[in-house]
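What follows is the content of upload.cif, which has mmCIF, N, CA and C atoms:
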```cif
data_run
loop_
_atom_site.label_atom_id
_atom_site.label_comp_id
_atom_site.auth_asym_id
_atom_site.auth_seq_id
_atom_site.Cartn_x
_atom_site.Cartn_y
_atom_site.Cartn_z
N MET A 449 0.83 -1.19 0.00
CA MET A 449 0.00 0.00 0.00
C MET A 449 0.87 1.24 0.00
N ASN A 450 0.57 2.13 -0.91
CA ASN A 450 1.30 3.39 -0.96
C ASN A 450 0.30 4.50 -1.25
N THR A 451 -0.26 5.06 -0.20
CA THR A 451 -1.32 6.04 -0.34
C THR A 451 -0.86 7.24 -1.16
N THR A 452 0.35 7.72 -0.92
CA THR A 452 0.85 8.87 -1.67
C THR A 452 0.92 8.56 -3.16
N HIS A 453 1.41 7.37 -3.49
CA HIS A 453 1.50 6.96 -4.89
C HIS A 453 0.11 6.85 -5.51
N ASP A 454 -0.85 6.28 -4.75
CA ASP A 454 -2.22 6.14 -5.24
C ASP A 454 -2.88 7.49 -5.43
N ASP A 455 -2.68 8.40 -4.47
CA ASP A 455 -3.24 9.75 -4.58
C ASP A 455 -2.65 10.48 -5.78
N SER A 456 -1.37 10.31 -5.99
CA SER A 456 -0.68 10.95 -7.11
C SER A 456 -1.22 10.45 -8.44
N LEU A 457 -1.44 9.15 -8.54
CA LEU A 457 -1.98 8.58 -9.78
C LEU A 457 -3.41 9.06 -10.00
N ALA A 458 -4.19 9.11 -8.95
CA ALA A 458 -5.57 9.59 -9.06
C ALA A 458 -5.60 11.05 -9.52
N ALA A 459 -4.71 11.86 -8.98
CA ALA A 459 -4.64 13.26 -9.39
C ALA A 459 -4.20 13.38 -10.84
N ARG A 460 -3.23 12.58 -11.25
CA ARG A 460 -2.79 12.61 -12.64
C ARG A 460 -3.91 12.15 -13.56
N TYR A 461 -4.61 11.10 -13.16
CA TYR A 461 -5.74 10.61 -13.96
C TYR A 461 -6.75 11.75 -14.17
N ALA A 462 -7.15 12.40 -13.09
CA ALA A 462 -8.14 13.48 -13.18
C ALA A 462 -7.64 14.62 -14.06
N ALA A 463 -6.38 14.98 -13.95
CA ALA A 463 -5.82 16.08 -14.74
C ALA A 463 -5.76 15.75 -16.23
N VAL A 464 -5.32 14.56 -16.55
CA VAL A 464 -5.22 14.17 -17.96
C VAL A 464 -6.60 14.12 -18.59
N ARG A 465 -7.54 13.51 -17.88
CA ARG A 465 -8.89 13.37 -18.43
C ARG A 465 -9.55 14.74 -18.59
N ALA A 466 -9.34 15.65 -17.64
CA ALA A 466 -9.90 16.99 -17.75
C ALA A 466 -9.26 17.76 -18.91
N ARG A 467 -7.98 17.59 -19.09
CA ARG A 467 -7.28 18.28 -20.19
C ARG A 467 -7.86 17.86 -21.53
N THR A 468 -8.11 16.58 -21.70
CA THR A 468 -8.68 16.11 -22.97
C THR A 468 -10.03 16.75 -23.23
N VAL A 469 -10.90 16.75 -22.23
CA VAL A 469 -12.23 17.34 -22.42
C VAL A 469 -12.12 18.84 -22.69
N SER A 470 -11.14 19.50 -22.08
CA SER A 470 -10.98 20.95 -22.30
C SER A 470 -10.63 21.26 -23.76
N LEU A 471 -10.06 20.30 -24.45
CA LEU A 471 -9.74 20.51 -25.87
C LEU A 471 -10.99 20.63 -26.72
N LEU A 472 -12.12 20.19 -26.19
CA LEU A 472 -13.39 20.30 -26.91
C LEU A 472 -14.04 21.67 -26.74
N ASP A 473 -13.54 22.47 -25.78
CA ASP A 473 -14.11 23.80 -25.54
C ASP A 473 -14.11 24.61 -26.83
N GLY A 474 -15.23 25.22 -27.12
CA GLY A 474 -15.35 26.05 -28.32
C GLY A 474 -15.76 25.28 -29.56
N LEU A 475 -15.83 23.95 -29.44
CA LEU A 475 -16.27 23.15 -30.58
C LEU A 475 -17.74 22.80 -30.42
N ASP A 476 -18.45 22.80 -31.51
CA ASP A 476 -19.82 22.31 -31.51
C ASP A 476 -19.78 20.79 -31.64
N PRO A 477 -20.83 20.11 -31.21
CA PRO A 477 -20.85 18.65 -31.34
C PRO A 477 -20.57 18.17 -32.77
N GLU A 478 -21.07 18.90 -33.74
CA GLU A 478 -20.83 18.52 -35.13
C GLU A 478 -19.35 18.60 -35.50
N ASP A 479 -18.63 19.56 -34.93
CA ASP A 479 -17.20 19.67 -35.19
C ASP A 479 -16.44 18.44 -34.70
N CYS A 480 -16.92 17.84 -33.62
CA CYS A 480 -16.23 16.72 -33.00
C CYS A 480 -16.38 15.42 -33.77
N ASN A 481 -17.20 15.43 -34.81
CA ASN A 481 -17.38 14.22 -35.61
C ASN A 481 -16.66 14.30 -36.96
N LEU A 482 -15.99 15.41 -37.22
CA LEU A 482 -15.29 15.56 -38.49
C LEU A 482 -13.99 14.76 -38.50
N GLN A 483 -13.69 14.19 -39.65
CA GLN A 483 -12.46 13.42 -39.82
C GLN A 483 -11.72 14.03 -41.01
N PRO A 484 -10.71 14.85 -40.75
CA PRO A 484 -10.06 15.60 -41.82
C PRO A 484 -9.36 14.74 -42.86
N GLU A 485 -8.95 13.55 -42.47
CA GLU A 485 -8.33 12.61 -43.41
C GLU A 485 -8.40 11.22 -42.81
N PRO A 486 -8.24 10.18 -43.61
CA PRO A 486 -8.47 8.82 -43.12
C PRO A 486 -7.61 8.39 -41.92
N ASP A 487 -6.42 8.97 -41.77
CA ASP A 487 -5.54 8.58 -40.68
C ASP A 487 -5.68 9.45 -39.43
N VAL A 488 -6.60 10.40 -39.45
CA VAL A 488 -6.83 11.28 -38.30
C VAL A 488 -8.28 11.07 -37.85
N SER A 489 -8.45 10.52 -36.67
CA SER A 489 -9.79 10.22 -36.18
C SER A 489 -10.47 11.47 -35.64
N PRO A 490 -11.81 11.46 -35.64
CA PRO A 490 -12.57 12.58 -35.09
C PRO A 490 -12.34 12.75 -33.59
N ALA A 491 -12.51 13.97 -33.10
CA ALA A 491 -12.33 14.26 -31.67
C ALA A 491 -13.26 13.41 -30.82
N LYS A 492 -14.53 13.27 -31.22
CA LYS A 492 -15.47 12.47 -30.44
C LYS A 492 -14.96 11.03 -30.33
N TRP A 493 -14.40 10.51 -31.40
CA TRP A 493 -13.90 9.15 -31.38
C TRP A 493 -12.75 9.00 -30.37
N HIS A 494 -11.84 9.97 -30.35
CA HIS A 494 -10.71 9.91 -29.41
C HIS A 494 -11.20 9.95 -27.96
N VAL A 495 -12.14 10.84 -27.68
CA VAL A 495 -12.68 10.95 -26.32
C VAL A 495 -13.34 9.63 -25.92
N ALA A 496 -14.05 9.02 -26.84
CA ALA A 496 -14.71 7.74 -26.56
C ALA A 496 -13.70 6.59 -26.50
N HIS A 497 -12.74 6.59 -27.39
CA HIS A 497 -11.76 5.49 -27.42
C HIS A 497 -10.98 5.40 -26.11
N THR A 498 -10.53 6.53 -25.59
CA THR A 498 -9.76 6.48 -24.35
C THR A 498 -10.66 6.06 -23.19
N THR A 499 -11.93 6.41 -23.24
CA THR A 499 -12.87 5.95 -22.23
C THR A 499 -13.05 4.44 -22.33
N TRP A 500 -13.19 3.96 -23.56
CA TRP A 500 -13.31 2.52 -23.81
C TRP A 500 -12.07 1.80 -23.27
N PHE A 501 -10.89 2.38 -23.46
CA PHE A 501 -9.66 1.76 -22.98
C PHE A 501 -9.72 1.53 -21.48
N PHE A 502 -10.06 2.57 -20.70
CA PHE A 502 -10.09 2.43 -19.24
C PHE A 502 -11.18 1.46 -18.82
N GLU A 503 -12.31 1.49 -19.49
CA GLU A 503 -13.38 0.56 -19.14
C GLU A 503 -12.97 -0.89 -19.44
N THR A 504 -12.37 -1.10 -20.60
CA THR A 504 -12.03 -2.45 -21.05
C THR A 504 -10.84 -3.04 -20.32
N PHE A 505 -9.80 -2.26 -20.14
CA PHE A 505 -8.54 -2.82 -19.63
C PHE A 505 -8.28 -2.57 -18.14
N VAL A 506 -9.06 -1.70 -17.52
CA VAL A 506 -8.89 -1.48 -16.08
C VAL A 506 -10.16 -1.86 -15.32
N LEU A 507 -11.28 -1.26 -15.68
CA LEU A 507 -12.49 -1.50 -14.89
C LEU A 507 -13.04 -2.92 -15.05
N GLN A 508 -13.12 -3.42 -16.26
CA GLN A 508 -13.71 -4.75 -16.41
C GLN A 508 -12.94 -5.83 -15.65
N PRO A 509 -11.60 -5.84 -15.71
CA PRO A 509 -10.91 -6.89 -14.94
C PRO A 509 -10.79 -6.60 -13.44
N PHE A 510 -10.78 -5.33 -13.05
CA PHE A 510 -10.48 -5.01 -11.65
C PHE A 510 -11.65 -4.42 -10.87
N ALA A 511 -12.73 -4.08 -11.53
CA ALA A 511 -13.94 -3.58 -10.86
C ALA A 511 -15.14 -4.24 -11.53
N PRO A 512 -15.29 -5.55 -11.32
CA PRO A 512 -16.30 -6.30 -12.07
C PRO A 512 -17.74 -5.84 -11.85
N ALA A 513 -18.01 -5.08 -10.81
CA ALA A 513 -19.37 -4.56 -10.59
C ALA A 513 -19.69 -3.42 -11.56
N HIS A 514 -18.66 -2.84 -12.16
CA HIS A 514 -18.88 -1.75 -13.13
C HIS A 514 -19.61 -2.30 -14.35
N GLU A 515 -20.68 -1.63 -14.73
CA GLU A 515 -21.43 -2.04 -15.91
C GLU A 515 -20.89 -1.30 -17.13
N PRO A 516 -20.38 -2.05 -18.11
CA PRO A 516 -19.81 -1.39 -19.29
C PRO A 516 -20.89 -0.75 -20.17
N ALA A 517 -20.44 0.09 -21.05
CA ALA A 517 -21.33 0.75 -22.01
C ALA A 517 -21.96 -0.30 -22.91
N SER A 518 -22.84 0.14 -23.74
CA SER A 518 -23.48 -0.74 -24.71
C SER A 518 -22.43 -1.56 -25.45
N GLU A 519 -22.71 -2.82 -25.66
CA GLU A 519 -21.76 -3.71 -26.33
C GLU A 519 -21.34 -3.17 -27.70
N GLY A 520 -22.24 -2.53 -28.40
CA GLY A 520 -21.93 -1.98 -29.71
C GLY A 520 -20.89 -0.88 -29.67
N TRP A 521 -20.76 -0.24 -28.53
CA TRP A 521 -19.77 0.83 -28.42
C TRP A 521 -18.36 0.29 -28.49
N ALA A 522 -18.15 -0.94 -28.04
CA ALA A 522 -16.83 -1.55 -28.15
C ALA A 522 -16.43 -1.66 -29.62
N TYR A 523 -17.36 -2.00 -30.48
CA TYR A 523 -17.08 -2.05 -31.93
C TYR A 523 -16.70 -0.66 -32.43
N CYS A 524 -17.43 0.33 -31.99
CA CYS A 524 -17.20 1.70 -32.47
C CYS A 524 -15.85 2.25 -32.03
N PHE A 525 -15.42 1.95 -30.80
CA PHE A 525 -14.30 2.67 -30.21
C PHE A 525 -13.05 1.84 -29.94
N ASN A 526 -13.07 0.58 -30.31
CA ASN A 526 -11.84 -0.22 -30.30
C ASN A 526 -10.99 0.32 -31.45
N SER A 527 -9.69 0.36 -31.27
CA SER A 527 -8.85 0.87 -32.35
C SER A 527 -8.19 -0.26 -33.11
N TYR A 528 -7.36 -1.01 -32.45
CA TYR A 528 -6.62 -2.07 -33.14
C TYR A 528 -6.43 -3.30 -32.26
N TYR A 529 -7.15 -3.39 -31.18
CA TYR A 529 -7.00 -4.51 -30.25
C TYR A 529 -7.82 -5.69 -30.76
N GLU A 530 -7.21 -6.48 -31.63
CA GLU A 530 -7.91 -7.58 -32.30
C GLU A 530 -8.48 -8.58 -31.31
N ALA A 531 -7.81 -8.80 -30.19
CA ALA A 531 -8.31 -9.75 -29.20
C ALA A 531 -9.62 -9.27 -28.57
N CYS A 532 -9.93 -7.98 -28.70
CA CYS A 532 -11.16 -7.44 -28.13
C CYS A 532 -12.32 -7.47 -29.12
N GLY A 533 -12.08 -7.92 -30.32
CA GLY A 533 -13.17 -8.05 -31.28
C GLY A 533 -13.04 -7.12 -32.48
N ALA A 534 -14.08 -7.18 -33.31
CA ALA A 534 -14.12 -6.36 -34.53
C ALA A 534 -14.21 -4.88 -34.18
N ARG A 535 -13.90 -4.05 -35.16
CA ARG A 535 -13.91 -2.60 -34.91
C ARG A 535 -14.25 -1.84 -36.18
N GLN A 536 -14.69 -0.62 -35.97
CA GLN A 536 -14.99 0.30 -37.07
C GLN A 536 -13.67 0.61 -37.80
N PRO A 537 -13.64 0.53 -39.12
CA PRO A 537 -12.41 0.86 -39.84
C PRO A 537 -11.98 2.31 -39.56
N ARG A 538 -10.69 2.50 -39.39
CA ARG A 538 -10.14 3.82 -39.05
C ARG A 538 -10.61 4.90 -40.01
N ALA A 539 -10.55 4.63 -41.27
CA ALA A 539 -10.89 5.65 -42.27
C ALA A 539 -12.38 5.98 -42.29
N ARG A 540 -13.20 5.22 -41.57
CA ARG A 540 -14.65 5.41 -41.58
C ARG A 540 -15.18 5.82 -40.21
N ARG A 541 -14.33 6.31 -39.33
CA ARG A 541 -14.77 6.67 -37.98
C ARG A 541 -15.72 7.86 -37.97
N ALA A 542 -15.61 8.74 -38.94
CA ALA A 542 -16.53 9.87 -39.02
C ALA A 542 -17.94 9.45 -39.40
N ASP A 543 -18.09 8.24 -39.90
CA ASP A 543 -19.41 7.73 -40.26
C ASP A 543 -20.26 7.42 -39.03
N LEU A 544 -19.64 7.39 -37.87
CA LEU A 544 -20.36 7.07 -36.63
C LEU A 544 -21.08 8.29 -36.10
N SER A 545 -22.34 8.43 -36.45
CA SER A 545 -23.11 9.56 -35.94
C SER A 545 -23.65 9.28 -34.53
N ARG A 546 -23.67 8.01 -34.15
CA ARG A 546 -24.13 7.60 -32.83
C ARG A 546 -23.03 6.77 -32.17
N PRO A 547 -22.86 6.83 -30.90
CA PRO A 547 -23.60 7.63 -29.94
C PRO A 547 -23.30 9.12 -30.11
N LEU A 548 -24.21 9.92 -29.60
CA LEU A 548 -24.05 11.37 -29.64
C LEU A 548 -22.91 11.79 -28.71
N LEU A 549 -22.34 12.95 -28.98
CA LEU A 549 -21.25 13.46 -28.14
C LEU A 549 -21.69 13.55 -26.68
N ARG A 550 -22.89 14.02 -26.42
CA ARG A 550 -23.34 14.15 -25.02
C ARG A 550 -23.41 12.78 -24.35
N GLU A 551 -23.75 11.74 -25.11
CA GLU A 551 -23.78 10.38 -24.55
C GLU A 551 -22.36 9.88 -24.26
N VAL A 552 -21.45 10.18 -25.15
CA VAL A 552 -20.04 9.81 -24.95
C VAL A 552 -19.50 10.50 -23.70
N LEU A 553 -19.81 11.79 -23.55
CA LEU A 553 -19.30 12.53 -22.39
C LEU A 553 -19.94 12.03 -21.08
N ALA A 554 -21.21 11.63 -21.12
CA ALA A 554 -21.85 11.07 -19.92
C ALA A 554 -21.19 9.73 -19.56
N TRP A 555 -20.91 8.91 -20.56
CA TRP A 555 -20.21 7.64 -20.35
C TRP A 555 -18.84 7.90 -19.75
N ARG A 556 -18.15 8.89 -20.30
CA ARG A 556 -16.81 9.24 -19.81
C ARG A 556 -16.87 9.63 -18.34
N ARG A 557 -17.87 10.43 -17.95
CA ARG A 557 -18.00 10.83 -16.54
C ARG A 557 -18.25 9.61 -15.66
N ARG A 558 -19.05 8.66 -16.13
CA ARG A 558 -19.34 7.45 -15.37
C ARG A 558 -18.08 6.61 -15.20
N VAL A 559 -17.31 6.47 -16.27
CA VAL A 559 -16.05 5.73 -16.21
C VAL A 559 -15.06 6.45 -15.29
N ASP A 560 -14.99 7.77 -15.40
CA ASP A 560 -14.08 8.52 -14.54
C ASP A 560 -14.44 8.36 -13.06
N ALA A 561 -15.73 8.35 -12.74
CA ALA A 561 -16.15 8.14 -11.35
C ALA A 561 -15.75 6.75 -10.87
N ALA A 562 -15.94 5.75 -11.72
CA ALA A 562 -15.56 4.38 -11.36
C ALA A 562 -14.05 4.25 -11.20
N MET A 563 -13.30 4.90 -12.09
CA MET A 563 -11.84 4.87 -11.97
C MET A 563 -11.40 5.58 -10.69
N GLY A 564 -12.03 6.69 -10.37
CA GLY A 564 -11.70 7.40 -9.13
C GLY A 564 -11.91 6.52 -7.91
N ALA A 565 -13.04 5.81 -7.90
CA ALA A 565 -13.32 4.91 -6.77
C ALA A 565 -12.32 3.76 -6.72
N LEU A 566 -11.99 3.21 -7.88
CA LEU A 566 -11.02 2.10 -7.91
C LEU A 566 -9.66 2.58 -7.41
N LEU A 567 -9.19 3.72 -7.90
CA LEU A 567 -7.88 4.22 -7.48
C LEU A 567 -7.88 4.57 -5.99
N ALA A 568 -8.99 5.11 -5.49
CA ALA A 568 -9.08 5.42 -4.06
C ALA A 568 -9.04 4.14 -3.22
N SER A 569 -9.61 3.08 -3.73
CA SER A 569 -9.65 1.82 -2.98
C SER A 569 -8.26 1.20 -2.82
N LEU A 570 -7.33 1.61 -3.63
CA LEU A 570 -5.99 1.02 -3.57
C LEU A 570 -5.24 1.38 -2.29
N ALA A 571 -5.69 2.42 -1.61
CA ALA A 571 -5.05 2.81 -0.35
C ALA A 571 -5.14 1.70 0.68
N THR A 572 -6.14 0.85 0.57
CA THR A 572 -6.31 -0.24 1.52
C THR A 572 -6.24 -1.61 0.85
N GLU A 573 -5.76 -1.65 -0.37
CA GLU A 573 -5.66 -2.91 -1.12
C GLU A 573 -4.47 -3.73 -0.59
N PRO A 574 -4.73 -4.95 -0.10
CA PRO A 574 -3.63 -5.76 0.44
C PRO A 574 -2.81 -6.49 -0.63
N ASP A 575 -3.34 -6.61 -1.84
CA ASP A 575 -2.68 -7.37 -2.90
C ASP A 575 -1.78 -6.44 -3.72
N ALA A 576 -0.48 -6.52 -3.45
CA ALA A 576 0.47 -5.62 -4.13
C ALA A 576 0.52 -5.87 -5.63
N ALA A 577 0.36 -7.11 -6.08
CA ALA A 577 0.40 -7.41 -7.51
C ALA A 577 -0.82 -6.81 -8.22
N ARG A 578 -1.97 -6.88 -7.57
CA ARG A 578 -3.18 -6.27 -8.15
C ARG A 578 -3.01 -4.76 -8.26
N THR A 579 -2.51 -4.15 -7.19
CA THR A 579 -2.27 -2.71 -7.20
C THR A 579 -1.30 -2.33 -8.31
N ALA A 580 -0.23 -3.09 -8.44
CA ALA A 580 0.77 -2.80 -9.48
C ALA A 580 0.16 -2.92 -10.88
N ALA A 581 -0.68 -3.91 -11.08
CA ALA A 581 -1.32 -4.09 -12.40
C ALA A 581 -2.26 -2.93 -12.70
N ILE A 582 -3.03 -2.50 -11.73
CA ILE A 582 -3.95 -1.36 -11.93
C ILE A 582 -3.14 -0.10 -12.23
N HIS A 583 -2.08 0.11 -11.48
CA HIS A 583 -1.23 1.29 -11.72
C HIS A 583 -0.65 1.25 -13.13
N ALA A 584 -0.11 0.10 -13.52
CA ALA A 584 0.53 -0.01 -14.83
C ALA A 584 -0.46 0.24 -15.96
N ARG A 585 -1.63 -0.35 -15.87
CA ARG A 585 -2.62 -0.17 -16.93
C ARG A 585 -3.16 1.27 -16.95
N THR A 586 -3.32 1.85 -15.78
CA THR A 586 -3.79 3.24 -15.73
C THR A 586 -2.75 4.17 -16.32
N ARG A 587 -1.49 3.98 -15.97
CA ARG A 587 -0.43 4.83 -16.54
C ARG A 587 -0.34 4.65 -18.06
N LEU A 588 -0.49 3.41 -18.54
CA LEU A 588 -0.49 3.17 -19.98
C LEU A 588 -1.65 3.89 -20.65
N GLY A 589 -2.83 3.81 -20.07
CA GLY A 589 -4.00 4.49 -20.62
C GLY A 589 -3.82 6.00 -20.64
N LEU A 590 -3.21 6.55 -19.59
CA LEU A 590 -2.99 8.00 -19.56
C LEU A 590 -1.96 8.42 -20.61
N ALA A 591 -0.91 7.65 -20.78
CA ALA A 591 0.07 7.96 -21.83
C ALA A 591 -0.59 7.90 -23.19
N HIS A 592 -1.44 6.92 -23.39
CA HIS A 592 -2.17 6.78 -24.65
C HIS A 592 -3.06 7.99 -24.88
N GLU A 593 -3.77 8.42 -23.83
CA GLU A 593 -4.66 9.58 -23.96
C GLU A 593 -3.86 10.85 -24.26
N GLU A 594 -2.72 10.99 -23.65
CA GLU A 594 -1.90 12.20 -23.89
C GLU A 594 -1.34 12.27 -25.30
N GLN A 595 -1.31 11.15 -26.00
CA GLN A 595 -0.84 11.18 -27.40
C GLN A 595 -1.78 12.01 -28.23
#
```
Represent the structure from my file as structure tokens, please.
Amino acid sequence: MNTTHDDSLAARYAAVRARTVSLLDGLDPEDCNLQPEPDVSPAKWHVAHTTWFFETFVLQPFAPAHEPASEGWAYCFNSYYEACGARQPRARRADLSRPLLREVLAWRRRVDAAMGALLASLATEPDAARTAAIHARTRLGLAHEEQ
């Protein structure tokens, strides 16, 4: 148990996630669905994809009571993780008019709340290997989001 380390990771998680959402300031929902070229995904897709990452690789294995988003959303927001199933082709991500941006942001808030609770619970987690795995996956997800 390392409360300082857990608090630090929780603070970093909150800061990175807030920074990403702040990049949407000044954009209309329609702007967030534009895909300027096949190799550049829409802003809405990125916000959803990073949410999908934390739900899929952190919450589902380590917080099994968390209810994931609609199963179809995994198809929409998986990028290249073949073991997780089929996915929307990269060049066609702008074709996804649903879910709406407001639904993606509500999902993101729900995932962020669940991640906050999971990270807070690590202060009393007796299993060091479990804590290390959660930390590693969370740090990987944050690095991915910062890209």
Exercise for the section: Check what the PyMOL selection byres (((chain A and resi 532 and name CA) around 12) and name CA) selects in the file above and give those residues as a PyMOL selection string. Expected result: chain A and resi 500-501+504-505+519+521-531+533-535
Handout entry: Every residue of chain A that DSSP places in alpha helix (DSSP H), as an MDAnalysis selection string
Key = chainID A and resid 451:470 491:502 508:510 519:525 549:569 576:594
Problem - Contacts of Thr499 of chain A within 9 Å, only C-alpha atoms, excl. fewer than 4 positions in-chain, as a list in words - result: His494, Val495, Glu503, Thr504, Phe525, Val552, Trp555, Arg556, Val559 and Asp560 of chain A
Draw an axis-aligned box tight on the listed atoms of segment 477-485 of chain A, then pad every side by 3 Å and write out centre and edge lengths in Å to one decimal as AutoDock Vina command-line options.
```
--center_x -14.7 --center_y 15.7 --center_z -37.3 --size_x 18.7 --size_y 14.9 --size_z 18.2
```
Completion exercise
A straight line from atom C of Ser518 of chain A to atom C of Pro547 of chain A spans 11.7 Å
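Comparing the minimum interatomic distances between Pro512 of chain A and each of A:Ala562, A:Leu553, A:Leu471, A:Val464, counting only C-alpha atoms, we find that A:Ala562 sits nearest.
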Exercise for the section: Within 10 Å of Asp543 of chain A, counting only C-alpha atoms, which residues show up once you throw out same-chain ones fewer than 5 positions away? Write them as a ChimeraX atom specification, please. Expected result: /A:481-483,490,536-537
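Between Phe510 of chain A and the candidates A:His583, A:Arg465, A:Arg550, A:His592, the tightest atom-to-atom separation, counting only C-alpha atoms, involves A:His583.
Nearest residue to Ala565 of chain A, choosing from A:Ala577, A:Tyr461, A:Val488, A:Ser470 and counting only C-alpha atoms: A:Tyr461.
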Practice task
Rank A:Ser569, A:Thr468, A:Ile582, A:Pro477 by their smallest atom-to-atom distance to Leu549 of chain A, using only N, CA and C atoms, and report the top residue only.
Solution key: A:Pro477
Practice task
Extract, using only N, CA and C atoms, all DNA, RNA and protein residues at most 6 Å from Lys492 of chain A, discarding same-chain residues fewer than 4 positions from it, and format them as number ranges by chain.
Solution key: A: 480-481, 496-497
Evaluate the PyMOL selection byres (((chain A and resi 578 and name CA) around 12) and name CA) and record the selected residues as a short mmCIF file (atom, residue, chain, number, x, y, z; two decimals) with N, CA and C atoms, keeping the file's coordinate frame, following the chain and residue labels used in the document.
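Listing of part18.cif after writing:
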```cif
data_model
loop_
_atom_site.label_atom_id
_atom_site.label_comp_id
_atom_site.auth_asym_id
_atom_site.auth_seq_id
_atom_site.Cartn_x
_atom_site.Cartn_y
_atom_site.Cartn_z
N MET A 449 0.83 -1.19 0.00
CA MET A 449 0.00 0.00 0.00
C MET A 449 0.87 1.24 0.00
N VAL A 506 -9.06 -1.70 -17.52
CA VAL A 506 -8.89 -1.48 -16.08
C VAL A 506 -10.16 -1.86 -15.32
N PRO A 509 -11.60 -5.84 -15.71
CA PRO A 509 -10.91 -6.89 -14.94
C PRO A 509 -10.79 -6.60 -13.44
N PHE A 510 -10.78 -5.33 -13.05
CA PHE A 510 -10.48 -5.01 -11.65
C PHE A 510 -11.65 -4.42 -10.87
N ALA A 511 -12.73 -4.08 -11.53
CA ALA A 511 -13.94 -3.58 -10.86
C ALA A 511 -15.14 -4.24 -11.53
N LEU A 566 -11.99 3.21 -7.88
CA LEU A 566 -11.02 2.10 -7.91
C LEU A 566 -9.66 2.58 -7.41
N LEU A 567 -9.19 3.72 -7.90
CA LEU A 567 -7.88 4.22 -7.48
C LEU A 567 -7.88 4.57 -5.99
N SER A 569 -9.61 3.08 -3.73
CA SER A 569 -9.65 1.82 -2.98
C SER A 569 -8.26 1.20 -2.82
N LEU A 570 -7.33 1.61 -3.63
CA LEU A 570 -5.99 1.02 -3.57
C LEU A 570 -5.24 1.38 -2.29
N THR A 572 -6.14 0.85 0.57
CA THR A 572 -6.31 -0.24 1.52
C THR A 572 -6.24 -1.61 0.85
N GLU A 573 -5.76 -1.65 -0.37
CA GLU A 573 -5.66 -2.91 -1.12
C GLU A 573 -4.47 -3.73 -0.59
N PRO A 574 -4.73 -4.95 -0.10
CA PRO A 574 -3.63 -5.76 0.44
C PRO A 574 -2.81 -6.49 -0.63
N ASP A 575 -3.34 -6.61 -1.84
CA ASP A 575 -2.68 -7.37 -2.90
C ASP A 575 -1.78 -6.44 -3.72
N ALA A 576 -0.48 -6.52 -3.45
CA ALA A 576 0.47 -5.62 -4.13
C ALA A 576 0.52 -5.87 -5.63
N ALA A 577 0.36 -7.11 -6.08
CA ALA A 577 0.40 -7.41 -7.51
C ALA A 577 -0.82 -6.81 -8.22
N THR A 579 -2.51 -4.15 -7.19
CA THR A 579 -2.27 -2.71 -7.20
C THR A 579 -1.30 -2.33 -8.31
N ALA A 580 -0.23 -3.09 -8.44
CA ALA A 580 0.77 -2.80 -9.48
C ALA A 580 0.16 -2.92 -10.88
N ALA A 581 -0.68 -3.91 -11.08
CA ALA A 581 -1.32 -4.09 -12.40
C ALA A 581 -2.26 -2.93 -12.70
N ILE A 582 -3.03 -2.50 -11.73
CA ILE A 582 -3.95 -1.36 -11.93
C ILE A 582 -3.14 -0.10 -12.23
N HIS A 583 -2.08 0.11 -11.48
CA HIS A 583 -1.23 1.29 -11.72
C HIS A 583 -0.65 1.25 -13.13
N ALA A 584 -0.11 0.10 -13.52
CA ALA A 584 0.53 -0.01 -14.83
C ALA A 584 -0.46 0.24 -15.96
N ARG A 585 -1.63 -0.35 -15.87
CA ARG A 585 -2.62 -0.17 -16.93
C ARG A 585 -3.16 1.27 -16.95
#
```
Handout entry: Gap from atom CA of Pro484 of chain A to atom CA of Arg587 of chain A - Å, one decimal
Key = 29.1 Å
Practice task
List every protein, DNA or RNA residue that has at least one atom no more than 10 Å from (-5.3, 9.8, -16.2) in the file's coordinates, counting only C-alpha atoms, and write the result as a ChimeraX atom specification.
Solution key: /A:457-468,498,502,560,563-564,586-594
Problem - From A:Asp487, A:Pro516, A:Glu551, A:Ala561, residue lying nearest Arg538 of chain A [only N, CA and C atoms] - result: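 Looking at the shortest contact to Arg538 of chain A, the residue is A:Asp487.
Note that the spacing between atom CA of Glu485 of chain A and atom CA of Ala539 of chain A amounts to 7.5 Å.
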